[in-house]
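> Quick one, final_16.cif (mmCIF, C-alpha atoms):
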```cif
data_model
loop_
_atom_site.label_atom_id
_atom_site.label_comp_id
_atom_site.auth_asym_id
_atom_site.auth_seq_id
_atom_site.Cartn_x
_atom_site.Cartn_y
_atom_site.Cartn_z
CA MET A 114 -2.10 -16.20 -11.99
CA LEU A 115 0.05 -13.47 -10.51
CA HIS A 116 2.31 -14.72 -7.74
CA GLY A 117 3.25 -12.78 -4.64
CA VAL A 118 1.40 -11.74 -1.49
CA SER A 119 -0.69 -8.86 -0.22
CA PRO A 120 1.02 -5.70 1.04
CA HIS A 121 -1.61 -5.66 3.83
CA LEU A 122 -0.28 -8.87 5.34
CA THR A 123 3.33 -7.75 4.84
CA ARG A 124 2.70 -4.45 6.63
CA MET A 125 1.12 -6.23 9.57
CA LEU A 126 4.14 -8.54 9.92
CA LEU A 127 6.56 -5.62 9.76
CA GLU A 128 4.67 -3.79 12.51
CA ALA A 129 4.59 -6.95 14.63
CA GLY A 130 8.34 -7.30 14.21
CA ARG A 131 9.02 -3.70 15.22
CA ARG A 132 6.80 -4.04 18.27
CA SER A 133 8.71 -7.18 19.24
CA GLY A 134 12.02 -5.33 19.17
CA VAL A 135 13.31 -5.98 15.65
CA HIS A 136 15.29 -2.91 14.60
CA ARG A 137 14.16 -1.03 11.49
CA SER A 138 17.63 -1.39 9.99
CA GLN A 139 17.33 -5.19 10.09
CA LEU A 140 13.97 -5.09 8.33
CA GLY A 141 15.35 -2.52 5.90
CA ARG A 142 17.79 -5.12 4.56
CA VAL A 143 14.92 -7.21 3.24
CA PRO A 144 14.59 -6.61 -0.53
CA GLY A 145 11.22 -5.95 -2.10
CA LEU A 146 9.74 -3.64 0.57
CA THR A 147 10.15 -0.33 -1.22
CA VAL A 148 6.49 -0.35 -2.32
CA VAL A 149 4.98 -2.00 0.75
CA ASP A 150 2.91 1.12 1.52
CA GLU A 151 1.19 1.02 -1.87
CA GLU A 152 -2.15 -0.73 -2.25
CA HIS A 153 -2.32 -2.37 -5.68
CA VAL A 154 0.93 -4.32 -5.68
CA ARG A 155 2.07 -7.86 -5.01
CA ILE A 156 5.01 -8.28 -2.66
CA PRO A 157 7.30 -11.19 -3.67
CA THR A 158 6.59 -14.27 -1.57
CA ALA A 159 10.32 -14.65 -0.94
CA THR A 160 10.25 -11.16 0.58
CA LEU A 161 7.45 -12.12 2.96
CA LEU A 162 9.37 -15.22 4.01
CA ARG A 163 12.43 -13.09 4.68
CA VAL A 164 10.31 -10.84 6.88
CA TRP A 165 9.17 -13.91 8.80
CA GLU A 166 12.83 -14.91 9.18
CA ALA A 167 13.77 -11.46 10.47
CA ILE A 168 11.03 -11.37 13.10
CA SER A 169 10.93 -15.06 14.03
CA GLY A 170 13.27 -14.91 17.03
CA PRO A 171 11.54 -12.01 18.82
CA MET A 172 8.09 -13.32 17.89
CA ALA A 173 8.86 -16.76 19.32
CA GLU A 174 10.05 -15.16 22.55
CA ALA A 175 6.92 -13.00 22.64
CA GLY A 176 4.64 -16.04 22.49
CA GLY A 177 4.49 -17.25 18.90
CA GLY A 178 3.18 -16.40 15.46
CA ALA A 179 -0.38 -15.93 16.70
CA ARG A 180 0.75 -12.70 18.38
CA VAL A 181 0.70 -10.97 14.99
CA MET A 182 -3.11 -11.06 15.13
CA GLU A 183 -3.09 -8.69 18.09
CA LEU A 184 -2.58 -5.97 15.49
CA TRP A 185 -5.51 -7.08 13.35
CA ARG A 186 -8.73 -5.11 12.98
CA PRO A 187 -11.48 -5.76 10.42
CA GLY A 188 -10.22 -4.49 7.08
CA ARG A 189 -6.55 -4.75 8.00
CA LEU A 190 -6.16 -7.53 5.42
CA GLY A 191 -8.18 -5.75 2.75
CA VAL A 192 -11.15 -7.21 0.92
CA TRP A 193 -10.45 -10.71 2.27
CA ASP A 194 -11.65 -9.64 5.73
CA TYR A 195 -14.97 -8.37 4.41
CA LEU A 196 -15.78 -11.65 2.70
CA PHE A 197 -16.61 -12.93 6.20
CA THR A 198 -19.20 -10.24 6.85
CA ALA A 199 -21.54 -10.42 3.87
CA ALA A 200 -21.93 -14.19 3.43
CA ASP A 201 -25.09 -15.98 4.58
CA THR A 202 -23.29 -18.33 6.98
CA LEU A 203 -19.78 -18.92 8.27
CA HIS A 204 -19.64 -22.06 6.14
CA ASP A 205 -20.31 -19.93 3.04
CA ALA A 206 -17.80 -17.33 4.19
CA LEU A 207 -15.07 -19.93 4.64
CA HIS A 208 -15.61 -21.19 1.10
CA ALA A 209 -15.45 -17.62 -0.24
CA CYS A 210 -12.26 -16.89 1.68
CA GLY A 211 -10.70 -20.09 0.44
CA ARG A 212 -11.70 -19.23 -3.12
CA HIS A 213 -10.08 -15.80 -2.81
CA PHE A 214 -7.17 -16.65 -0.54
CA ALA A 215 -4.81 -15.25 -3.18
CA THR A 216 -5.95 -11.75 -2.21
CA ILE A 217 -3.61 -12.05 0.80
CA ALA A 218 -1.47 -15.13 0.10
CA ASP A 219 0.52 -16.63 -2.74
CA PRO A 220 -1.58 -18.67 -5.20
CA ALA A 221 0.50 -21.68 -4.14
CA ASP A 222 -1.24 -21.47 -0.75
CA SER A 223 -4.73 -22.87 -0.34
CA LEU A 224 -7.52 -23.20 2.19
CA GLY A 225 -9.56 -26.40 2.11
CA VAL A 226 -13.00 -26.57 3.74
CA THR A 227 -14.41 -29.96 4.75
CA ARG A 228 -17.36 -31.10 6.84
CA ASP A 229 -17.41 -34.20 9.01
CA GLY A 230 -18.96 -35.43 12.24
CA ASP A 231 -16.95 -32.95 14.32
CA GLY A 232 -17.96 -29.86 12.37
CA VAL A 233 -16.46 -27.76 9.57
CA THR A 234 -12.68 -27.78 9.27
CA VAL A 235 -10.54 -25.24 7.43
CA THR A 236 -7.06 -26.52 6.56
CA TRP A 237 -4.19 -24.45 5.23
CA HIS A 238 -1.77 -25.98 2.75
CA GLY A 239 1.41 -24.06 1.89
CA PRO A 240 4.76 -25.03 0.34
CA TYR A 241 6.85 -23.71 3.24
CA ARG A 242 7.19 -26.73 5.50
CA GLU A 243 10.99 -26.72 5.29
CA HIS A 244 11.26 -23.00 5.97
CA PRO A 245 12.73 -22.25 9.44
CA SER A 246 9.83 -19.91 10.26
CA PHE A 247 7.16 -22.46 9.34
CA PRO A 248 6.05 -23.11 12.96
CA LEU A 249 5.32 -19.40 13.46
CA ILE A 250 3.49 -19.15 10.14
CA ALA A 251 1.49 -22.25 11.08
CA GLU A 252 0.48 -20.66 14.41
CA PHE A 253 -0.54 -17.44 12.69
CA VAL A 254 -2.92 -18.95 10.13
CA PRO A 255 -5.48 -20.39 12.64
CA ALA A 256 -5.38 -17.11 14.58
CA MET A 257 -6.10 -15.22 11.37
CA LEU A 258 -9.03 -17.50 10.49
CA LEU A 259 -10.51 -17.30 13.97
CA GLY A 260 -10.18 -13.53 14.14
CA ALA A 261 -11.83 -12.92 10.77
CA ALA A 262 -14.55 -15.53 11.40
CA GLY A 263 -15.37 -14.06 14.81
CA SER A 264 -15.62 -10.60 13.29
CA GLY A 265 -18.11 -11.84 10.72
CA ALA A 266 -20.13 -13.66 13.37
CA GLY A 267 -20.16 -10.65 15.66
CA ARG A 268 -18.85 -12.68 18.57
CA ARG A 269 -15.85 -14.68 19.61
CA LEU A 270 -16.03 -18.21 18.26
CA VAL A 271 -14.70 -21.11 20.30
CA PRO A 272 -13.30 -23.74 17.93
CA VAL A 273 -13.82 -27.45 18.43
CA ARG A 274 -10.05 -27.80 18.03
CA VAL A 275 -6.96 -26.33 16.42
CA ARG A 276 -4.33 -28.53 14.79
CA LEU A 277 -0.70 -27.53 14.35
CA PRO A 278 2.11 -29.42 12.58
CA HIS A 279 4.99 -28.85 15.00
CA ARG A 280 5.89 -29.92 18.50
CA ALA A 281 4.29 -28.12 21.41
CA PRO A 282 6.49 -25.24 22.62
CA PRO A 283 7.41 -25.24 26.35
CA GLN A 284 4.88 -22.45 26.95
CA HIS A 285 1.84 -21.96 24.78
CA ASP A 286 -0.52 -20.02 27.03
CA LEU A 287 -0.73 -17.26 24.42
CA LEU A 288 -1.94 -19.73 21.81
CA THR A 289 -4.65 -20.90 24.21
CA ASP A 290 -5.73 -17.29 24.77
CA VAL A 291 -5.69 -16.33 21.10
CA TYR A 292 -7.42 -19.50 19.86
CA GLY A 293 -9.90 -19.47 22.74
CA THR A 294 -9.46 -23.16 23.47
CA ARG A 295 -7.15 -25.65 25.10
CA GLN A 296 -8.04 -28.18 22.42
CA ILE A 297 -4.80 -27.63 20.52
CA GLU A 298 -3.32 -30.70 18.89
CA PHE A 299 0.39 -30.54 18.07
CA GLU A 300 2.24 -32.66 15.51
CA ALA A 301 -1.16 -33.15 13.89
CA GLY A 302 -0.60 -32.36 10.21
CA PRO A 303 -1.26 -29.12 8.31
CA PRO A 304 -2.59 -26.14 10.34
CA ALA A 305 -6.36 -26.41 10.71
CA VAL A 306 -9.31 -25.00 12.66
CA THR A 307 -12.53 -26.92 13.25
CA PHE A 308 -15.72 -24.93 13.87
CA SER A 309 -18.83 -26.52 15.33
CA GLU A 310 -21.68 -27.19 12.94
CA ALA A 311 -23.86 -24.81 14.93
CA ASP A 312 -21.37 -21.96 14.42
CA ALA A 313 -20.74 -22.87 10.80
CA ASP A 314 -24.42 -22.93 9.85
CA ALA A 315 -25.72 -20.01 11.93
CA PRO A 316 -26.82 -16.98 9.86
CA LEU A 317 -24.28 -14.18 9.95
CA PRO A 318 -25.64 -10.84 11.25
CA GLY A 319 -24.38 -8.88 8.22
CA ALA A 320 -25.54 -11.32 5.54
CA ASP A 321 -26.11 -9.44 2.28
CA PRO A 322 -26.19 -11.49 -0.95
CA ALA A 323 -25.84 -8.42 -3.18
CA LEU A 324 -22.82 -7.14 -1.25
CA ALA A 325 -21.33 -10.64 -1.18
CA ALA A 326 -21.48 -10.75 -5.00
CA ILE A 327 -19.80 -7.33 -5.24
CA LEU A 328 -17.05 -8.37 -2.82
CA ASP A 329 -16.54 -11.61 -4.73
CA GLU A 330 -15.90 -9.70 -7.94
CA HIS A 331 -13.76 -7.10 -6.17
CA ALA A 332 -11.57 -9.83 -4.70
CA ARG A 333 -11.07 -11.33 -8.15
CA VAL A 334 -10.15 -7.97 -9.68
CA THR A 335 -7.81 -7.13 -6.80
CA VAL A 336 -5.58 -10.07 -7.69
CA ALA A 337 -5.94 -9.74 -11.46
CA THR A 338 -4.93 -6.06 -11.60
CA ALA A 339 -2.19 -5.94 -8.93
CA ARG A 340 1.34 -5.32 -10.18
CA PRO A 341 4.59 -6.90 -8.96
CA VAL A 342 7.23 -4.30 -8.21
CA LEU A 343 10.83 -5.01 -7.24
CA ASP A 344 13.97 -3.00 -7.94
CA TRP A 345 16.84 -4.61 -9.82
CA LEU A 346 19.01 -5.37 -6.81
CA GLY A 347 16.00 -6.90 -5.09
CA ARG A 348 15.43 -9.15 -8.10
CA PHE A 349 19.08 -10.16 -7.92
CA HIS A 350 18.73 -11.10 -4.23
CA LEU A 351 15.71 -13.25 -4.98
CA ALA A 352 17.49 -14.92 -7.92
CA LEU A 353 20.47 -15.58 -5.67
CA GLU A 354 18.24 -17.16 -3.04
CA ASP A 355 16.61 -19.36 -5.66
CA ALA A 356 20.04 -20.44 -6.91
CA VAL A 357 21.20 -21.28 -3.39
CA GLY A 358 18.17 -23.54 -3.04
CA ALA A 359 19.59 -25.68 -5.85
CA GLY A 360 23.11 -25.97 -4.38
CA PRO A 361 26.31 -23.90 -4.19
CA PRO A 362 25.49 -20.87 -6.36
CA GLU A 363 27.42 -19.85 -9.47
CA LEU A 364 27.42 -16.37 -10.98
CA ALA A 365 26.49 -17.78 -14.38
CA ASP A 366 23.44 -19.53 -12.93
CA VAL A 367 22.16 -16.37 -11.25
CA ALA A 368 22.80 -14.41 -14.45
CA ARG A 369 20.74 -16.94 -16.38
CA ARG A 370 17.88 -16.59 -13.89
CA LEU A 371 17.98 -12.84 -14.53
CA ALA A 372 18.07 -13.36 -18.31
CA MET A 373 21.47 -11.69 -18.75
CA GLY A 374 25.10 -12.65 -19.31
CA PRO A 375 27.63 -13.04 -16.47
CA ARG A 376 29.57 -9.93 -17.53
CA THR A 377 26.39 -7.86 -17.64
CA LEU A 378 25.49 -9.08 -14.17
CA GLN A 379 28.92 -8.12 -12.83
CA ARG A 380 28.61 -4.68 -14.43
CA ARG A 381 25.13 -4.13 -12.97
CA LEU A 382 26.34 -5.10 -9.51
CA SER A 383 29.26 -2.68 -9.89
CA ASP A 384 26.80 0.08 -10.83
CA GLU A 385 24.98 -0.67 -7.57
CA GLY A 386 28.25 -0.26 -5.65
CA THR A 387 28.68 -3.93 -4.85
CA SER A 388 30.00 -7.17 -6.35
CA TRP A 389 29.10 -10.83 -6.75
CA ARG A 390 31.54 -11.83 -4.03
CA ASP A 391 30.27 -9.20 -1.59
CA GLU A 392 26.61 -10.05 -2.18
CA LEU A 393 27.16 -13.80 -1.86
CA GLU A 394 29.16 -13.29 1.34
CA ARG A 395 26.49 -10.99 2.78
CA PHE A 396 23.70 -13.42 1.92
CA ARG A 397 25.52 -16.38 3.46
CA ARG A 398 26.48 -14.52 6.61
CA GLN A 399 22.92 -13.31 7.26
CA ARG A 400 21.45 -16.73 6.55
CA VAL A 401 23.98 -18.67 8.64
CA GLU A 402 23.70 -16.30 11.59
CA HIS A 403 19.91 -16.47 11.55
CA LEU A 404 19.77 -20.27 11.30
CA LEU A 405 22.37 -20.78 14.03
CA ARG A 406 20.69 -18.27 16.33
CA GLU A 407 17.04 -19.06 15.79
CA THR A 408 16.82 -22.74 14.83
CA SER A 409 18.15 -26.10 15.95
CA MET A 410 19.01 -27.18 12.41
CA THR A 411 22.14 -29.30 11.99
CA LEU A 412 25.30 -27.87 10.45
CA GLU A 413 24.71 -30.11 7.44
CA ALA A 414 21.25 -28.60 6.87
CA ILE A 415 22.49 -25.04 7.45
CA SER A 416 25.36 -25.61 5.03
CA ALA A 417 22.90 -26.63 2.34
CA ARG A 418 20.56 -23.69 3.00
CA ALA A 419 23.48 -21.25 2.80
CA GLY A 420 24.85 -22.74 -0.42
CA TYR A 421 27.97 -24.41 0.94
CA SER A 422 29.27 -27.70 -0.36
CA ASP A 423 29.73 -29.17 3.13
CA PRO A 424 29.87 -28.21 6.85
CA ARG A 425 33.65 -27.72 6.71
CA ALA A 426 33.22 -24.78 4.33
CA LEU A 427 30.59 -23.35 6.68
CA ARG A 428 32.92 -23.64 9.69
CA ARG A 429 35.73 -21.89 7.83
CA ALA A 430 33.40 -19.05 6.87
CA VAL A 431 32.10 -18.58 10.43
CA HIS A 432 35.68 -18.46 11.75
CA ARG A 433 36.53 -15.88 9.11
CA TRP A 434 33.56 -13.69 10.05
CA TYR A 435 33.62 -13.91 13.82
CA GLY A 436 36.90 -15.45 14.92
CA PHE A 437 35.14 -18.43 16.52
CA GLY A 438 33.12 -21.42 15.38
CA PRO A 439 29.42 -22.19 14.79
CA ALA A 440 28.91 -23.72 18.25
CA ALA A 441 30.04 -20.52 19.99
CA LEU A 442 27.86 -18.42 17.70
CA ARG A 443 24.85 -20.60 18.43
CA THR A 444 25.22 -20.37 22.20
CA SER A 445 26.38 -16.77 22.58
CA SER A 446 23.89 -14.12 23.67
CA ARG A 447 22.55 -11.53 21.30
CA GLY A 448 24.51 -8.96 23.20
CA ASP A 449 27.69 -10.90 22.61
CA ARG A 450 26.83 -11.20 18.94
CA ALA A 451 26.30 -7.45 18.61
CA GLY A 452 29.63 -6.78 20.29
CA ARG A 453 31.57 -9.25 18.19
CA THR A 454 30.13 -8.28 14.84
#
```
Please express what this file holds, its structure, as structure tokens.

Amino acid sequence: MLHGVSPHLTRMLLEAGRRSGVHRSQLGRVPGLTVVDEEHVRIPTATLLRVWEAISGPMAEAGGGARVMELWRPGRLGVWDYLFTAADTLHDALHACGRHFATIADPADSLGVTRDGDGVTVTWHGPYREHPSFPLIAEFVPAMLLGAAGSGAGRRLVPVRVRLPHRAPPQHDLLTDVYGTRQIEFEAGPPAVTFSEADADAPLPGADPALAAILDEHARVTVATARPVLDWLGRFHLALEDAVGAGPPELADVARRLAMGPRTLQRRLSDEGTSWRDELERFRRQRVEHLLRETSMTLEAISARAGYSDPRALRRAVHRWYGFGPAALRTSSRGDRAGRT
């Protein structure tokens, strides 16, 4: 199955970031977005996660990941949205949307639908729990499910409860407004929404078995025929990020991931007007700055995520870049950061 994510979802995140104050130049540094305005492509999942990283600070200040859904209208996420309209019941629609979740998400993501005494619960499972933007992604998924389900039902649905995996933020009034309930359980496992049995089993106003069958096939074809597109330098950035995930990166390792020799890799980087050293430095600086600014991760964890052997190497790098240490970078204002960099 083809990996990657929908350009529809990526476009919505980019717009949410811009509306929250993220500058276009910052988003422009994310590789893999050159074809985001095309329809039949798959955006690399790593690219989507980088977009989440770029917008996470402003989105958290604006109220959380659920705020992205303020931009949503039926059809904004492509065929996946319409699967909610033609099914017989919400319960059927949820199964269809879980079956075709790859139309908007990576195939590694999944939606599970279960029924118990409380109602029908939809649970999202994704391999991003260690990603710094995971809390925002986790807040977004229930909002997305509730928005699409309410559109199919023709009315706003009040869930029995919403479960989120992270600690409750100091203020979560926006989540209450978006989810339509105060029954939000934090530190409660994977993100999930529980619908009442009455809502799950009620006939949907647009039920159309013939159209549902057409949409089912269209959703399948949408994933099967989409093409992944990424320029060479973008592929290098993704290979570099993968290598960093395994420890301090080596040029030879990244070259191997790109199926070329080290000298060829150096020559290709030179043709792009850059070098291995410059790209590695740029990657580390962006990653370290983001993690120090936007997360409470320890220096040990940040060192590992930036591909350093230990926190001492990280401290030396921060001093080289800014003239002061990680603690000052973490506590300084964004205005101070802009002035110093």
> Quick one: everything within 10 Å of segment 420-434 of chain A, counting all atoms listed in the file, minus sequence neighbours fewer than 2 positions away in the same chain. Send it as a ChimeraX atom specification.
/A:353-354,356-363,393-394,396-398,400-402,411-418,436-442,453-454
> Using all atoms listed in the file, collect all residues at a distance of at most 10 Å from (8.9, -18.4, 0.6) as written in the file, then present them as a ChimeraX atom specification.
/A:117,157-165,219,239-244,246-247,355
> Tell me which protein, DNA and RNA residues are within 12 Å of Leu259 of chain A, counting all atoms listed in the file, leaving out same-chain ones fewer than 3 positions away, and put them as a VMD selection string.
chain A and resid 179 182 185 194 197 203 207 234 to 235 252 to 256 262 to 275 288 290 to 294 305 to 308 312
> Using the chain letters and numbers from the file, give me the residues hit by the PyMOL selection byres ((chain A and resi 276) around 6), as a list in words.
Val275, Leu277, Ile297, Glu298, Ala301, Pro304 and Ala305 of chain A
> Choose the residue, out of A:Pro245, A:Arg381, A:Ile327, A:Pro278, that has the smallest atom-to-atom separation from Arg348 of chain A; count only C-alpha atoms.
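Closest residue, counting only C-alpha atoms: A:Arg381.
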> Would you kindly return, as a list of chain:residue names, each protein, DNA or RNA residue with an atom no farther than 9 Å from any atom of Leu371 of chain A, considering only C-alpha atoms and excluding same-chain residues fewer than 3 positions away?
A:Arg348, A:Phe349, A:Ala352, A:Asp366, A:Val367, A:Ala368, A:Gly374, A:Leu378
> Using all atoms listed in the file for the distances, tell me which of A:Glu166, A:Pro303, A:His204, A:Cys210 is nearest to Thr236 of chain A.
A:Pro303
> Kindly give the distance, in Å, that separates atom CA of Val149 of chain A and atom CA of Pro120 of chain A, rounded to a single decimal.
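Between atom CA of Val149 of chain A and atom CA of Pro120 of chain A the gap is 5.4 Å.
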> Name the closest residue to Pro318 of chain A among the candidates A:Ala175, A:Val181, A:Ala200, A:Tyr195; distances are taken between atoms, counting only C-alpha atoms.
A:Ala200
> Report the distance between atom CA of Ala320 of chain A and atom CA of Ala261 of chain A in Å, rounded to one decimal place.
14.8 Å
> With the file shown as input, list the residues that the PyMOL selection byres ((chain A and resi 127) around 10) selects, as a PDB file with C-alpha atoms, in the frame of the given file.

```pdb
ATOM      1  CA  LEU A 122      -0.280  -8.870   5.340  1.00  0.00           C
ATOM      2  CA  THR A 123       3.330  -7.750   4.840  1.00  0.00           C
ATOM      3  CA  ARG A 124       2.700  -4.450   6.630  1.00  0.00           C
ATOM      4  CA  MET A 125       1.120  -6.230   9.570  1.00  0.00           C
ATOM      5  CA  LEU A 126       4.140  -8.540   9.920  1.00  0.00           C
ATOM      6  CA  GLU A 128       4.670  -3.790  12.510  1.00  0.00           C
ATOM      7  CA  ALA A 129       4.590  -6.950  14.630  1.00  0.00           C
ATOM      8  CA  GLY A 130       8.340  -7.300  14.210  1.00  0.00           C
ATOM      9  CA  ARG A 131       9.020  -3.700  15.220  1.00  0.00           C
ATOM     10  CA  ARG A 132       6.800  -4.040  18.270  1.00  0.00           C
ATOM     11  CA  SER A 133       8.710  -7.180  19.240  1.00  0.00           C
ATOM     12  CA  VAL A 135      13.310  -5.980  15.650  1.00  0.00           C
ATOM     13  CA  ARG A 137      14.160  -1.030  11.490  1.00  0.00           C
ATOM     14  CA  LEU A 140      13.970  -5.090   8.330  1.00  0.00           C
ATOM     15  CA  LEU A 146       9.740  -3.640   0.570  1.00  0.00           C
ATOM     16  CA  VAL A 149       4.980  -2.000   0.750  1.00  0.00           C
ATOM     17  CA  LEU A 161       7.450 -12.120   2.960  1.00  0.00           C
ATOM     18  CA  VAL A 164      10.310 -10.840   6.880  1.00  0.00           C
ATOM     19  CA  TRP A 165       9.170 -13.910   8.800  1.00  0.00           C
ATOM     20  CA  ALA A 167      13.770 -11.460  10.470  1.00  0.00           C
ATOM     21  CA  ILE A 168      11.030 -11.370  13.100  1.00  0.00           C
ATOM     22  CA  VAL A 181       0.700 -10.970  14.990  1.00  0.00           C
TER      23      VAL A 181
END
```
> Please write as a ChimeraX atom specification the full residue list that the PyMOL selection byres ((chain A and resi 280) around 8) yields on this file.
/A:278-279,281-282,299-300
> Using C-alpha atoms, can you export the residues from the last selection as a PDB file, in the coordinates of the input?

```
ATOM      1  CA  PRO A 278       2.110 -29.420  12.580  1.00  0.00           C
ATOM      2  CA  HIS A 279       4.990 -28.850  15.000  1.00  0.00           C
ATOM      3  CA  ALA A 281       4.290 -28.120  21.410  1.00  0.00           C
ATOM      4  CA  PRO A 282       6.490 -25.240  22.620  1.00  0.00           C
ATOM      5  CA  PHE A 299       0.390 -30.540  18.070  1.00  0.00           C
ATOM      6  CA  GLU A 300       2.240 -32.660  15.510  1.00  0.00           C
TER       7      GLU A 300
END
```
> Would you list the residues near (7.3, -3.6, -6.3), meaning any protein, DNA or RNA residue with an atom at most 12 Å from that point in file coordinates, counting only C-alpha atoms, as a PyMOL selection string?
chain A and resi 117-120+144-158+160+339-348
> Write the selection just made, keeping C-alpha atoms, as a short mmCIF file (atom, residue, chain, number, x, y, z; two decimals), keeping the file's coordinate frame?

```
data_model
loop_
_atom_site.label_atom_id
_atom_site.label_comp_id
_atom_site.auth_asym_id
_atom_site.auth_seq_id
_atom_site.Cartn_x
_atom_site.Cartn_y
_atom_site.Cartn_z
CA GLY A 117 3.25 -12.78 -4.64
CA VAL A 118 1.40 -11.74 -1.49
CA SER A 119 -0.69 -8.86 -0.22
CA PRO A 120 1.02 -5.70 1.04
CA PRO A 144 14.59 -6.61 -0.53
CA GLY A 145 11.22 -5.95 -2.10
CA LEU A 146 9.74 -3.64 0.57
CA THR A 147 10.15 -0.33 -1.22
CA VAL A 148 6.49 -0.35 -2.32
CA VAL A 149 4.98 -2.00 0.75
CA ASP A 150 2.91 1.12 1.52
CA GLU A 151 1.19 1.02 -1.87
CA GLU A 152 -2.15 -0.73 -2.25
CA HIS A 153 -2.32 -2.37 -5.68
CA VAL A 154 0.93 -4.32 -5.68
CA ARG A 155 2.07 -7.86 -5.01
CA ILE A 156 5.01 -8.28 -2.66
CA PRO A 157 7.30 -11.19 -3.67
CA THR A 158 6.59 -14.27 -1.57
CA THR A 160 10.25 -11.16 0.58
CA ALA A 339 -2.19 -5.94 -8.93
CA ARG A 340 1.34 -5.32 -10.18
CA PRO A 341 4.59 -6.90 -8.96
CA VAL A 342 7.23 -4.30 -8.21
CA LEU A 343 10.83 -5.01 -7.24
CA ASP A 344 13.97 -3.00 -7.94
CA TRP A 345 16.84 -4.61 -9.82
CA LEU A 346 19.01 -5.37 -6.81
CA GLY A 347 16.00 -6.90 -5.09
CA ARG A 348 15.43 -9.15 -8.10
#
```
> Could you pull the residues within 8 Å of Trp193 of chain A, counting only C-alpha atoms, minus those fewer than 6 positions along the same chain, as a list in words?
Cys210, His213, Phe214, Thr216, Ile217 and Ala332 of chain A
> Any idea what's packed within 6 Å of Thr202 of chain A, counting all atoms listed in the file, ignoring anything in its chain fewer than 4 positions away? Could you give it as a list of chain:residue names?
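Residues meeting the cut-off are A:Asp314, A:Ala315, A:Pro316, A:Leu317.
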> Please produce a file of those selected residues containing C-alpha atoms, as an mmCIF file, in the coordinates of the input.

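Generated file (result_11.cif):
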```
data_model
loop_
_atom_site.group_PDB
_atom_site.id
_atom_site.type_symbol
_atom_site.label_atom_id
_atom_site.label_comp_id
_atom_site.auth_asym_id
_atom_site.auth_seq_id
_atom_site.Cartn_x
_atom_site.Cartn_y
_atom_site.Cartn_z
ATOM 1 C CA ASP A 314 -24.420 -22.930 9.850
ATOM 2 C CA ALA A 315 -25.720 -20.010 11.930
ATOM 3 C CA PRO A 316 -26.820 -16.980 9.860
ATOM 4 C CA LEU A 317 -24.280 -14.180 9.950
#
```
> Considering all atoms listed in the file, state which residue in the set A:Pro375, A:Pro171, A:Pro283, A:Gly188 is at the smallest distance from Gly260 of chain A.
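Once distances to Gly260 of chain A are computed over all atoms listed in the file, the minimum belongs to A:Gly188.
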